[in-house]
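Novice: See protein.txt below, with compact mmCIF, C-alpha atoms.
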```
# COMPACT_ATOMS: atom_id res chain seq x y z
CA MET A 631 44.01 -22.87 31.30
CA TYR A 632 43.71 -19.79 33.31
CA ARG A 633 41.58 -16.76 32.85
CA SER A 634 42.42 -13.43 34.14
CA ARG A 635 39.65 -12.12 36.27
CA TYR A 636 40.45 -8.56 35.73
CA VAL A 637 39.39 -8.17 32.16
CA PHE A 638 36.28 -6.68 33.67
CA ILE A 639 38.27 -3.86 35.18
CA LEU A 640 40.04 -2.84 32.04
CA LEU A 641 38.02 0.31 32.17
CA ALA A 642 38.36 0.43 35.91
CA LEU A 643 42.12 0.32 35.50
CA PHE A 644 41.87 4.00 34.87
CA LEU A 645 40.73 4.51 38.42
CA LEU A 646 43.46 2.63 40.15
CA PRO A 647 46.24 4.48 41.91
CA GLY A 648 49.60 4.54 40.26
CA ASN A 649 51.73 2.48 42.60
CA ALA A 650 54.58 0.72 40.90
CA PRO A 651 55.27 -2.89 41.86
CA ALA A 652 58.68 -3.04 43.44
CA GLN A 653 59.85 -5.90 41.30
CA GLU A 654 59.24 -4.14 38.04
CA LYS A 655 61.98 -2.25 36.40
CA GLN A 656 61.37 1.37 35.91
CA THR A 657 62.44 3.24 32.88
CA LYS A 658 63.21 6.88 32.58
CA GLN A 659 60.10 7.30 30.54
CA THR A 660 57.80 5.80 33.15
CA LYS A 661 59.14 7.99 35.91
CA THR A 662 57.73 10.98 34.16
CA ALA A 663 54.19 11.83 35.06
CA PRO A 664 51.97 11.40 32.03
CA THR A 665 50.83 14.55 30.38
CA LYS A 666 47.10 14.90 30.37
CA ASP A 667 45.66 15.87 27.03
CA VAL A 668 41.96 15.33 26.70
CA ASP A 669 39.82 16.83 24.01
CA PRO A 670 36.65 17.95 25.84
CA LEU A 671 34.63 16.80 22.88
CA ALA A 672 35.82 13.25 23.42
CA LEU A 673 34.43 13.33 26.94
CA ASP A 674 31.25 14.97 25.71
CA VAL A 675 30.71 12.12 23.30
CA LEU A 676 31.53 9.58 25.97
CA ARG A 677 29.01 11.22 28.26
CA ALA A 678 26.37 11.31 25.55
CA VAL A 679 26.53 7.55 25.07
CA ALA A 680 26.99 6.71 28.74
CA LEU A 681 24.24 8.81 30.31
CA PRO A 682 21.31 7.14 28.52
CA ILE A 683 22.58 3.80 29.78
CA GLU A 684 23.12 5.09 33.29
CA GLN A 685 19.72 6.69 33.42
CA ALA A 686 17.72 3.88 31.84
CA HIS A 687 15.56 2.03 34.34
CA SER A 688 15.97 -1.08 32.25
CA PHE A 689 17.86 -1.91 29.10
CA SER A 690 19.08 -4.79 27.02
CA PHE A 691 21.76 -5.45 24.48
CA LYS A 692 23.83 -8.24 23.03
CA ALA A 693 27.61 -8.27 23.17
CA LEU A 694 30.03 -10.26 21.06
CA VAL A 695 33.23 -10.48 23.04
CA SER A 696 36.69 -11.61 22.04
CA GLU A 697 39.42 -11.79 24.62
CA GLU A 698 43.07 -12.36 23.96
CA GLU A 699 45.29 -14.21 26.38
CA LEU A 700 48.92 -15.07 26.42
CA ALA A 701 49.70 -18.74 25.99
CA SER A 702 52.61 -20.39 27.74
CA ASN A 703 54.58 -20.33 24.50
CA GLY A 704 54.22 -16.58 24.25
CA GLN A 705 51.54 -16.73 21.61
CA ILE A 706 48.36 -14.74 21.86
CA VAL A 707 45.25 -16.90 21.70
CA THR A 708 41.73 -15.57 21.40
CA PHE A 709 38.56 -16.68 23.14
CA PHE A 710 35.06 -15.73 22.12
CA HIS A 711 31.75 -15.56 23.84
CA SER A 712 28.48 -13.78 23.42
CA VAL A 713 26.28 -12.48 26.15
CA ASP A 714 22.65 -11.40 26.05
CA VAL A 715 22.11 -8.74 28.65
CA THR A 716 18.91 -7.59 30.29
CA VAL A 717 19.03 -5.43 33.39
CA GLN A 718 16.58 -3.50 35.50
CA ARG A 719 17.88 -1.06 38.02
CA PRO A 720 18.60 -1.09 40.80
CA ASP A 721 19.43 -4.76 41.24
CA LYS A 722 18.11 -7.11 38.56
CA ILE A 723 20.33 -8.79 35.97
CA HIS A 724 19.79 -11.56 33.47
CA LEU A 725 22.77 -12.62 31.41
CA ILE A 726 23.05 -15.48 28.95
CA PHE A 727 26.62 -16.48 28.23
CA ARG A 728 27.43 -18.60 25.23
CA GLY A 729 31.10 -19.43 24.97
CA LYS A 730 33.24 -22.44 24.39
CA GLY A 731 31.31 -24.67 26.69
CA GLU A 732 27.69 -24.82 27.62
CA ARG A 733 25.25 -21.96 27.86
CA VAL A 734 25.16 -20.39 31.30
CA ASP A 735 22.45 -18.03 32.53
CA PHE A 736 22.91 -15.57 35.34
CA TYR A 737 19.86 -14.47 37.28
CA THR A 738 20.29 -11.74 39.85
CA GLN A 739 17.58 -10.28 42.01
CA GLY A 740 16.56 -10.16 45.62
CA GLY A 741 20.04 -10.56 46.99
CA THR A 742 20.94 -13.74 45.12
CA THR A 743 22.76 -14.52 41.92
CA THR A 744 22.06 -17.91 40.41
CA MET A 745 24.19 -19.40 37.68
CA TYR A 746 22.31 -22.01 35.73
CA ALA A 747 23.33 -24.28 32.87
CA PRO A 748 20.05 -25.44 31.33
CA ASP A 749 21.54 -28.28 29.27
CA HIS A 750 22.53 -30.26 32.35
CA MET A 751 20.34 -28.38 34.82
CA LEU A 752 23.20 -27.43 37.08
CA TYR A 753 23.05 -24.34 39.24
CA ALA A 754 25.05 -22.47 41.81
CA THR A 755 24.03 -19.56 43.97
CA ILE A 756 26.04 -16.75 45.42
CA PRO A 757 24.96 -13.70 47.38
CA ALA A 758 24.19 -10.58 45.38
CA LYS A 759 24.21 -6.97 46.44
CA SER A 760 21.51 -4.36 46.52
CA THR A 761 22.67 -2.63 43.35
CA ILE A 762 23.90 -3.78 39.98
CA ASP A 763 27.11 -1.83 40.46
CA GLU A 764 27.90 -3.67 43.67
CA THR A 765 26.86 -7.03 42.30
CA VAL A 766 29.06 -6.66 39.25
CA ALA A 767 31.97 -5.72 41.49
CA ALA A 768 31.26 -8.65 43.80
CA LEU A 769 31.11 -11.11 40.91
CA GLU A 770 34.39 -9.80 39.62
CA ALA A 771 35.90 -10.25 43.06
CA LYS A 772 34.88 -13.90 42.89
CA GLY A 773 36.67 -14.36 39.59
CA VAL A 774 33.64 -14.04 37.38
CA ASP A 775 35.20 -12.27 34.44
CA MET A 776 32.66 -10.03 32.73
CA PRO A 777 34.08 -7.58 30.23
CA ILE A 778 30.59 -6.16 29.79
CA GLY A 779 30.38 -5.39 33.50
CA PRO A 780 31.28 -1.71 33.33
CA PHE A 781 28.53 -1.14 30.78
CA LEU A 782 25.90 -2.27 33.26
CA ARG A 783 26.91 0.20 35.90
CA SER A 784 25.22 3.43 36.83
CA ASP A 785 28.56 5.22 36.89
CA LEU A 786 29.86 4.20 33.50
CA TYR A 787 30.90 7.71 32.53
CA ASP A 788 32.68 8.47 35.77
CA LEU A 789 34.35 5.08 35.73
CA ALA A 790 35.70 5.65 32.26
CA ALA A 791 36.42 9.36 32.40
CA LYS A 792 37.99 9.90 35.78
CA ALA A 793 41.43 8.63 34.97
CA VAL A 794 41.62 9.29 31.27
CA ILE A 795 45.01 10.70 30.46
CA THR A 796 44.48 11.34 26.79
CA GLY A 797 41.28 11.43 24.84
CA TYR A 798 40.74 12.30 21.21
CA VAL A 799 38.04 12.33 18.64
CA ILE A 800 39.57 10.47 15.74
CA GLY A 801 36.66 11.28 13.47
CA ARG A 802 34.07 9.63 11.35
CA ALA A 803 34.50 6.00 10.40
CA LYS A 804 32.58 3.03 9.16
CA ILE A 805 32.35 -0.34 10.80
CA PHE A 806 31.00 -2.80 8.28
CA ASP A 807 29.04 -0.08 6.51
CA GLN A 808 27.74 1.42 9.74
CA ASP A 809 28.52 5.11 10.20
CA VAL A 810 30.21 5.72 13.50
CA HIS A 811 32.42 8.18 15.31
CA GLN A 812 35.73 6.93 16.59
CA LEU A 813 37.25 7.95 19.91
CA ALA A 814 40.63 7.05 21.36
CA PHE A 815 41.52 7.19 25.03
CA SER A 816 44.48 6.18 27.10
CA GLY A 817 44.92 5.72 30.79
CA PRO A 818 47.70 4.60 33.08
CA ASP A 819 47.46 0.94 32.12
CA ALA A 820 45.32 0.60 29.06
CA ASP A 821 44.49 2.17 25.77
CA TRP A 822 40.97 1.93 24.53
CA GLN A 823 38.97 2.96 21.56
CA MET A 824 35.27 3.40 21.27
CA TRP A 825 33.05 3.63 18.25
CA VAL A 826 29.65 5.21 18.69
CA THR A 827 26.74 6.12 16.53
CA GLY A 828 25.71 9.75 16.26
CA GLY A 829 22.29 11.27 15.81
CA ASP A 830 19.56 11.61 18.37
CA ALA A 831 20.21 8.29 20.09
CA PRO A 832 23.95 7.77 20.27
CA ARG A 833 24.95 4.25 21.19
CA ILE A 834 28.15 2.35 21.78
CA VAL A 835 28.92 0.11 18.83
CA ARG A 836 32.31 -1.24 19.65
CA VAL A 837 35.02 -1.01 22.28
CA GLU A 838 38.57 -2.23 21.97
CA ILE A 839 40.81 -2.25 24.99
CA VAL A 840 44.53 -2.92 24.96
CA ASN A 841 45.97 -3.78 28.33
CA ARG A 842 49.50 -2.49 28.25
CA LYS A 843 50.30 -3.98 31.63
CA LEU A 844 50.27 -7.55 30.46
CA ASP A 845 52.84 -9.34 28.39
CA GLY A 846 51.70 -9.42 24.82
CA LYS A 847 49.36 -6.48 25.41
CA PRO A 848 46.22 -8.56 25.00
CA ARG A 849 43.10 -6.96 23.62
CA THR A 850 39.50 -7.27 24.61
CA ILE A 851 37.01 -6.38 21.92
CA ILE A 852 33.31 -5.95 22.54
CA GLN A 853 30.87 -5.50 19.69
CA PHE A 854 27.51 -4.21 20.88
CA LEU A 855 24.28 -5.10 19.13
CA ASP A 856 20.59 -4.44 19.61
CA TRP A 857 20.63 -1.74 22.26
CA ASP A 858 17.18 -1.29 23.70
CA LEU A 859 16.78 1.25 26.50
CA SER A 860 13.10 0.51 27.06
CA PRO A 861 12.72 -3.21 26.53
CA ASN A 862 9.62 -5.22 27.22
CA ILE A 863 10.59 -7.40 30.11
CA SER A 864 8.61 -10.42 31.18
CA THR A 865 7.75 -10.82 34.82
CA ASP A 866 10.01 -13.83 35.20
CA GLU A 867 12.95 -12.40 33.29
CA PHE A 868 15.15 -12.21 36.36
CA SER A 869 13.74 -15.17 38.28
CA PHE A 870 15.34 -18.54 38.53
CA THR A 871 12.89 -21.30 39.19
CA LYS A 872 14.71 -24.42 40.15
CA PRO A 873 13.62 -27.44 38.13
CA ALA A 874 12.77 -30.44 40.27
CA ASN A 875 15.71 -32.49 39.06
CA ALA A 876 18.27 -29.72 38.91
CA ASN A 877 21.46 -30.22 40.87
CA GLN A 878 23.40 -27.65 42.80
CA ILE A 879 27.12 -27.43 42.25
CA ASP A 880 29.94 -25.26 43.54
CA LEU A 881 31.63 -22.20 42.15
CA LEU A 882 35.36 -22.66 42.00
CA PRO A 883 37.37 -19.80 43.40
CA GLY A 884 39.42 -17.76 40.99
CA SER A 885 38.96 -17.07 37.34
CA GLY A 886 38.95 -19.32 34.36
CA GLY A 887 36.71 -21.60 32.45
CA LYS A 888 36.89 -20.04 29.06
CA MET B 729 17.51 16.62 28.12
CA ARG B 730 18.38 13.62 26.02
CA LEU B 731 17.40 15.37 22.85
CA SER B 732 19.50 18.36 23.69
CA ILE B 733 22.48 16.15 24.40
CA ALA B 734 21.92 14.31 21.20
CA LEU B 735 21.62 17.47 19.19
CA ALA B 736 24.67 18.87 20.84
CA LEU B 737 26.53 15.68 20.09
CA CYS B 738 25.40 15.73 16.50
CA VAL B 739 26.39 19.34 16.02
CA SER B 740 29.62 19.00 17.90
CA LEU B 741 30.67 15.88 16.08
CA VAL B 742 30.09 17.53 12.76
CA SER B 743 32.05 20.55 13.81
CA ALA B 744 34.69 18.32 15.34
CA ASP B 745 35.30 16.57 12.09
CA ALA B 746 35.49 19.83 10.31
CA ALA B 747 37.85 21.22 12.86
CA ALA B 748 39.90 18.07 12.83
CA GLN B 749 40.25 18.24 9.12
CA LEU B 750 41.50 21.75 9.46
CA GLY B 751 43.73 20.69 12.32
CA ARG B 752 43.00 23.82 14.26
CA ARG B 753 41.08 22.86 17.39
CA GLY B 754 42.54 24.73 20.28
CA GLY B 755 43.61 23.55 23.68
CA GLY B 756 46.76 21.53 23.25
CA THR B 757 47.64 18.59 21.10
CA HIS B 758 44.78 17.18 19.06
CA VAL B 759 44.34 14.52 16.52
CA ASN B 760 44.90 15.95 13.11
CA MET B 761 42.84 14.11 10.60
CA GLN B 762 45.32 14.89 7.88
CA ASN B 763 48.05 13.11 9.77
CA ARG B 764 46.29 11.50 12.65
CA SER B 765 48.30 8.33 13.00
CA ALA B 766 51.48 10.20 13.68
CA ASN B 767 49.82 12.38 16.24
CA VAL B 768 48.09 9.52 18.00
CA ASN B 769 51.30 7.55 18.28
CA HIS B 770 53.09 10.55 19.59
CA ASN B 771 50.59 11.11 22.32
CA PHE B 772 50.34 7.48 23.40
CA ASN B 773 54.07 7.03 23.60
CA ASN B 774 54.54 10.11 25.67
CA ASN B 775 52.12 8.92 28.27
CA THR B 776 52.95 5.29 28.70
CA ASN B 777 53.20 4.21 32.29
CA ILE B 778 54.01 0.55 32.61
CA ASN B 779 54.95 0.45 36.25
CA ARG B 780 51.63 0.80 37.96
CA ASN B 781 48.94 -1.38 39.35
CA ALA B 782 49.82 -4.25 41.61
CA ASN B 783 46.54 -5.90 40.73
CA VAL B 784 47.63 -6.90 37.29
CA ASN B 785 48.20 -10.59 37.00
CA VAL B 786 51.04 -11.10 34.62
CA ASN B 787 50.92 -14.84 34.95
CA ARG B 788 47.67 -15.58 33.29
CA ASN B 789 49.26 -18.13 31.06
CA VAL B 790 47.27 -20.50 28.99
CA ASN B 791 48.79 -23.90 29.14
CA VAL B 792 48.71 -24.97 25.58
CA ASN B 793 50.76 -28.05 26.17
CA VAL B 794 49.17 -29.46 29.27
CA ASN B 795 46.20 -31.29 27.92
CA ASN B 796 46.22 -34.51 26.04
CA ASN B 797 43.41 -34.04 23.65
CA TYR B 798 42.69 -37.51 22.46
CA HIS B 799 41.53 -39.80 25.15
CA GLY B 800 40.08 -43.04 23.95
CA GLY B 801 37.46 -45.03 25.73
CA GLY B 802 35.84 -42.91 28.34
CA GLY B 803 38.07 -39.94 27.77
CA CYS B 804 37.56 -36.91 25.70
CA TYR B 805 38.56 -35.51 22.39
CA ASN B 806 39.93 -32.03 22.40
CA CYS B 807 38.82 -31.94 25.95
CA GLY B 808 41.41 -29.63 27.27
CA GLY B 809 40.20 -26.78 25.21
CA TYR B 810 43.21 -26.66 22.92
CA TYR B 811 44.33 -28.85 20.14
CA HIS B 812 47.77 -30.17 20.80
CA ASP B 813 48.11 -33.14 18.56
CA ASN B 814 51.31 -33.42 16.63
CA SER B 815 49.48 -35.30 13.92
CA TRP B 816 47.83 -32.07 12.93
CA ASN B 817 51.21 -30.76 11.94
CA TRP B 818 50.46 -27.19 12.78
CA GLY B 819 54.07 -26.42 12.17
CA SER B 820 53.36 -26.85 8.47
CA PHE B 821 50.49 -24.45 8.61
CA ALA B 822 51.81 -22.44 5.71
CA ALA B 823 51.92 -25.57 3.57
CA GLY B 824 48.23 -26.18 3.11
CA ALA B 825 48.62 -29.55 1.44
CA ALA B 826 50.62 -30.96 4.31
CA VAL B 827 48.06 -29.83 6.84
CA GLY B 828 45.28 -31.36 4.79
CA VAL B 829 46.95 -34.73 4.65
CA ALA B 830 47.54 -34.76 8.36
CA THR B 831 43.93 -33.84 9.04
CA THR B 832 42.62 -36.67 6.90
CA ALA B 833 44.86 -39.10 8.67
CA VAL B 834 43.61 -38.10 12.06
CA VAL B 835 39.98 -38.34 11.03
CA ALA B 836 40.56 -41.79 9.59
CA ALA B 837 42.23 -42.96 12.76
CA ALA B 838 39.38 -41.67 14.83
CA THR B 839 36.75 -43.49 12.83
CA ARG B 840 38.40 -46.90 12.42
CA PRO B 841 38.27 -48.95 15.60
CA THR B 842 41.12 -51.19 14.50
CA GLN B 843 43.47 -48.32 13.93
CA THR B 844 46.15 -48.10 16.53
CA VAL B 845 45.75 -44.94 18.48
CA VAL B 846 47.22 -43.73 21.68
CA VAL B 847 44.69 -44.14 24.41
CA ALA B 848 45.19 -42.45 27.72
CA ALA B 849 42.79 -41.63 30.48
CA PRO B 850 42.66 -37.97 31.37
CA VAL B 851 44.56 -37.15 34.48
CA VAL B 852 42.56 -36.57 37.61
CA GLY B 853 42.17 -32.85 38.01
CA THR B 854 41.93 -32.14 34.30
CA MET B 855 39.34 -29.47 33.55
CA VAL B 856 37.25 -29.68 30.40
CA PRO B 857 34.52 -27.43 29.06
CA THR B 858 32.20 -30.20 27.88
CA LEU B 859 31.55 -33.83 28.67
CA PRO B 860 32.74 -36.43 26.19
CA GLY B 861 29.93 -38.31 24.53
CA THR B 862 27.25 -40.04 26.51
CA CYS B 863 27.62 -39.94 30.25
CA ALA B 864 25.48 -41.13 33.12
CA ALA B 865 24.67 -38.70 35.89
CA ILE B 866 25.24 -40.02 39.38
CA THR B 867 23.62 -38.00 42.09
CA THR B 868 25.74 -37.72 45.17
CA PRO B 869 24.87 -36.06 48.44
CA GLY B 870 24.75 -32.42 47.64
CA SER B 871 25.94 -32.66 44.07
CA VAL B 872 26.29 -34.77 40.95
CA ILE B 873 29.08 -36.43 39.03
CA TYR B 874 29.09 -37.94 35.55
CA ASN B 875 30.30 -41.38 34.62
CA CYS B 876 31.70 -41.23 31.11
CA SER B 877 32.88 -44.79 30.41
CA HIS B 878 34.35 -45.01 33.88
CA ILE B 879 35.99 -41.64 33.75
CA TYR B 880 34.27 -39.47 36.32
CA TYR B 881 33.65 -35.77 35.99
CA ARG B 882 32.42 -33.35 38.61
CA PRO B 883 30.85 -30.11 37.34
CA PHE B 884 31.77 -26.71 38.70
CA TYR B 885 31.19 -23.16 37.75
CA GLN B 886 34.36 -21.27 37.05
CA GLY B 887 34.03 -17.66 36.09
CA THR B 888 31.10 -17.44 33.72
CA SER B 889 31.57 -20.99 32.48
CA LEU B 890 30.55 -24.47 33.42
CA VAL B 891 33.56 -26.79 33.60
CA TYR B 892 34.01 -30.45 34.38
CA GLN B 893 36.88 -31.75 36.44
CA VAL B 894 38.11 -35.33 36.20
CA VAL B 895 37.82 -36.91 39.63
CA THR B 896 38.27 -40.29 41.22
CA TYR B 897 35.11 -42.22 41.88
CA PRO B 898 33.84 -41.00 45.22
```
Could you write out this structure as structure tokens?
Specialist:
Amino acid sequence: MYRSRYVFILLALFLLPGNAPAQEKQTKQTKTAPTKDVDPLALDVLRAVALPIEQAHSFSFKALVSEEELASNGQIVTFFHSVDVTVQRPDKIHLIFRGKGERVDFYTQGGTTTMYAPDHMLYATIPAKSTIDETVAALEAKGVDMPIGPFLRSDLYDLAAKAVITGYVIGRAKIFDQDVHQLAFSGPDADWQMWVTGGDAPRIVRVEIVNRKLDGKPRTIIQFLDWDLSPNISTDEFSFTKPANANQIDLLPGSGGK
Amino acid sequence: MRLSIALALCVSLVSADAAAQLGRRGGGTHVNMQNRSANVNHNFNNNTNINRNANVNVNRNVNVNVNNNYHGGGGCYNCGGYYHDNSWNWGSFAAGAAVGVATTAVVAAATRPTQTVVVAAPVVGTMVPTLPGTCAAITTPGSVIYNCSHIYYRPFYQGTSLVYQVVTYP
């Protein structure tokens, strides 16, 4: 099985230049420059939920992620994982992935990212960067697919807003009895919706991204839980202490593993 | 600052809904709550651009048919990550009774040692997300492999996951 590494950049797709691959057929419709139509309120809401995250020195949340992929028979299949996120700016990250296989923890601080599977005590290390933004980008470049990556960055709003072509406030909605406001955006390659809470502490509840560039238009859905923008963080939250009998293994190039 | 943003958001969202319901927000095309689906579709279709971005990998196929998912002996069950066992009769999915019968048959075969089952060792290079059953760790210089009834697996990280690749005994 193969995993696309670029699920992470589904939001970043909005920032990419619009060069058409030569081998792709162009239609009359696609030759026309898209018409920008963005409700300023949609961006205001986006900013209101993004800025507290960007400005938080540390924060934590849990994400329930489903990712669709196209099977060789043309069928869409869905993969699930959860990830517990704790970060401290500028450079510390602790992620706990629970997916199809074994639990994997990511510890990032001090210029090193360690991946560690506690069940079999297997770890791998890769260099990290001096900021979370750079580290997330570097992990993505190594094929570490993290749909939650953009939500860790200090430029979440700019990342999402810069290349929005259309943006609308759909209105009030409920997600499983939770009152939310629904937004809809489109960009050159993807459509995405966001559901946020209102009130004095607006938070992202759910994001759904449809990648129009891929066959089958697979979706990535992230449900956010338990936002905490001032968490109590233990002193060893971001530290990996190698157990005596742990074994180091390699990181395969490219994406996959789900 | 945060409070003012929040208050502004609260006020603006309330007014937005009201405005949307009236369908009179200025500044171009907006979602009309009275007929929002039609408007949303209209806007999305007008702005589709499917010819951009060389970075998109259109070949991220999942090989549903590659893995043999029942490996007896030291192999693995459902090791490839996808069920592909004709005995499950997925083609009869709509006929619940047929699926149920097939499922029972497979379970029975898996639990009776004398039942004839197809046994095949996983091909070297096969990647699996978990080890099958009880395995013995063998520490090698710089790494570790697992002996699972004489099928050997080497662990790797791939993406955010730990995977095991079937290897020949080093």
Novice: Could you tell me how far atom CA of Leu881 of chain A lies from atom CA of Val717 of chain A, in Å and to one decimal?
Specialist: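 Rounded to one decimal, the two atoms are 22.7 Å apart.
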Novice: Could you jot down the atom CA of Trp857 of chain A to atom CA of His811 of chain A separation for me, Å, one decimal place?
Specialist: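 Rounded to one decimal, the two atoms are 16.9 Å apart.
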Novice: Give as a ChimeraX atom specification the set of residues within 6 Å of the point (31.6, -20.4, 29.2), where distances use the file's coordinates and all atoms listed in the file.
Specialist: /A:729-731,888 /B:888-890
Novice: For the residues in the current selection, export C-alpha atoms as a PDB file, in the coordinates of the input.
Specialist:
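Output (selection.pdb):
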```
ATOM      1  CA  GLY A 729      31.100 -19.430  24.970  1.00  0.00           C
ATOM      2  CA  LYS A 730      33.240 -22.440  24.390  1.00  0.00           C
ATOM      3  CA  GLY A 731      31.310 -24.670  26.690  1.00  0.00           C
ATOM      4  CA  LYS A 888      36.890 -20.040  29.060  1.00  0.00           C
TER       5      LYS A 888
ATOM      6  CA  THR B 888      31.100 -17.440  33.720  1.00  0.00           C
ATOM      7  CA  SER B 889      31.570 -20.990  32.480  1.00  0.00           C
ATOM      8  CA  LEU B 890      30.550 -24.470  33.420  1.00  0.00           C
TER       9      LEU B 890
END
```
Novice: What is the distance between atom CA of Leu782 of chain A and atom CA of Pro883 of chain A, in Å to one decimal?
Specialist: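 Here the two named atoms are 23.3 Å from each other.
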Novice: Which of these residues is nearest to Val894 of chain B, using all atoms listed in the file: B:Leu859, B:Val852, B:Ala864, B:Val872?
Specialist: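 Of all the options, B:Val852 lies closest to Val894 of chain B.
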Novice: Which residues of segment 769-883 of chain A come within 10 Å of segment 693-698 of chain A, and what is each one's closest atom pair and distance in Å (one decimal), counting only C-alpha atoms, sorted by chain and residue number, as JSON lines?
Specialist:
```
{"residue": "A:Met776", "atom": "CA", "partner": "A:Val695", "partner_atom": "CA", "distance": 9.7}
{"residue": "A:Pro777", "atom": "CA", "partner": "A:Val695", "partner_atom": "CA", "distance": 7.8}
{"residue": "A:Ile778", "atom": "CA", "partner": "A:Ala693", "partner_atom": "CA", "distance": 7.6}
{"residue": "A:Val835", "atom": "CA", "partner": "A:Ala693", "partner_atom": "CA", "distance": 9.5}
{"residue": "A:Arg836", "atom": "CA", "partner": "A:Ala693", "partner_atom": "CA", "distance": 9.2}
{"residue": "A:Val837", "atom": "CA", "partner": "A:Val695", "partner_atom": "CA", "distance": 9.7}
{"residue": "A:Glu838", "atom": "CA", "partner": "A:Ser696", "partner_atom": "CA", "distance": 9.6}
{"residue": "A:Ile839", "atom": "CA", "partner": "A:Glu697", "partner_atom": "CA", "distance": 9.6}
{"residue": "A:Val840", "atom": "CA", "partner": "A:Glu698", "partner_atom": "CA", "distance": 9.6}
{"residue": "A:Gly846", "atom": "CA", "partner": "A:Glu698", "partner_atom": "CA", "distance": 9.2}
{"residue": "A:Lys847", "atom": "CA", "partner": "A:Glu698", "partner_atom": "CA", "distance": 8.7}
{"residue": "A:Pro848", "atom": "CA", "partner": "A:Glu698", "partner_atom": "CA", "distance": 5.0}
{"residue": "A:Arg849", "atom": "CA", "partner": "A:Glu698", "partner_atom": "CA", "distance": 5.4}
{"residue": "A:Thr850", "atom": "CA", "partner": "A:Glu697", "partner_atom": "CA", "distance": 4.5}
{"residue": "A:Ile851", "atom": "CA", "partner": "A:Ser696", "partner_atom": "CA", "distance": 5.2}
{"residue": "A:Ile852", "atom": "CA", "partner": "A:Val695", "partner_atom": "CA", "distance": 4.6}
{"residue": "A:Gln853", "atom": "CA", "partner": "A:Leu694", "partner_atom": "CA", "distance": 5.0}
{"residue": "A:Phe854", "atom": "CA", "partner": "A:Ala693", "partner_atom": "CA", "distance": 4.7}
{"residue": "A:Leu855", "atom": "CA", "partner": "A:Ala693", "partner_atom": "CA", "distance": 6.1}
{"residue": "A:Asp856", "atom": "CA", "partner": "A:Ala693", "partner_atom": "CA", "distance": 8.8}
{"residue": "A:Trp857", "atom": "CA", "partner": "A:Ala693", "partner_atom": "CA", "distance": 9.6}
```
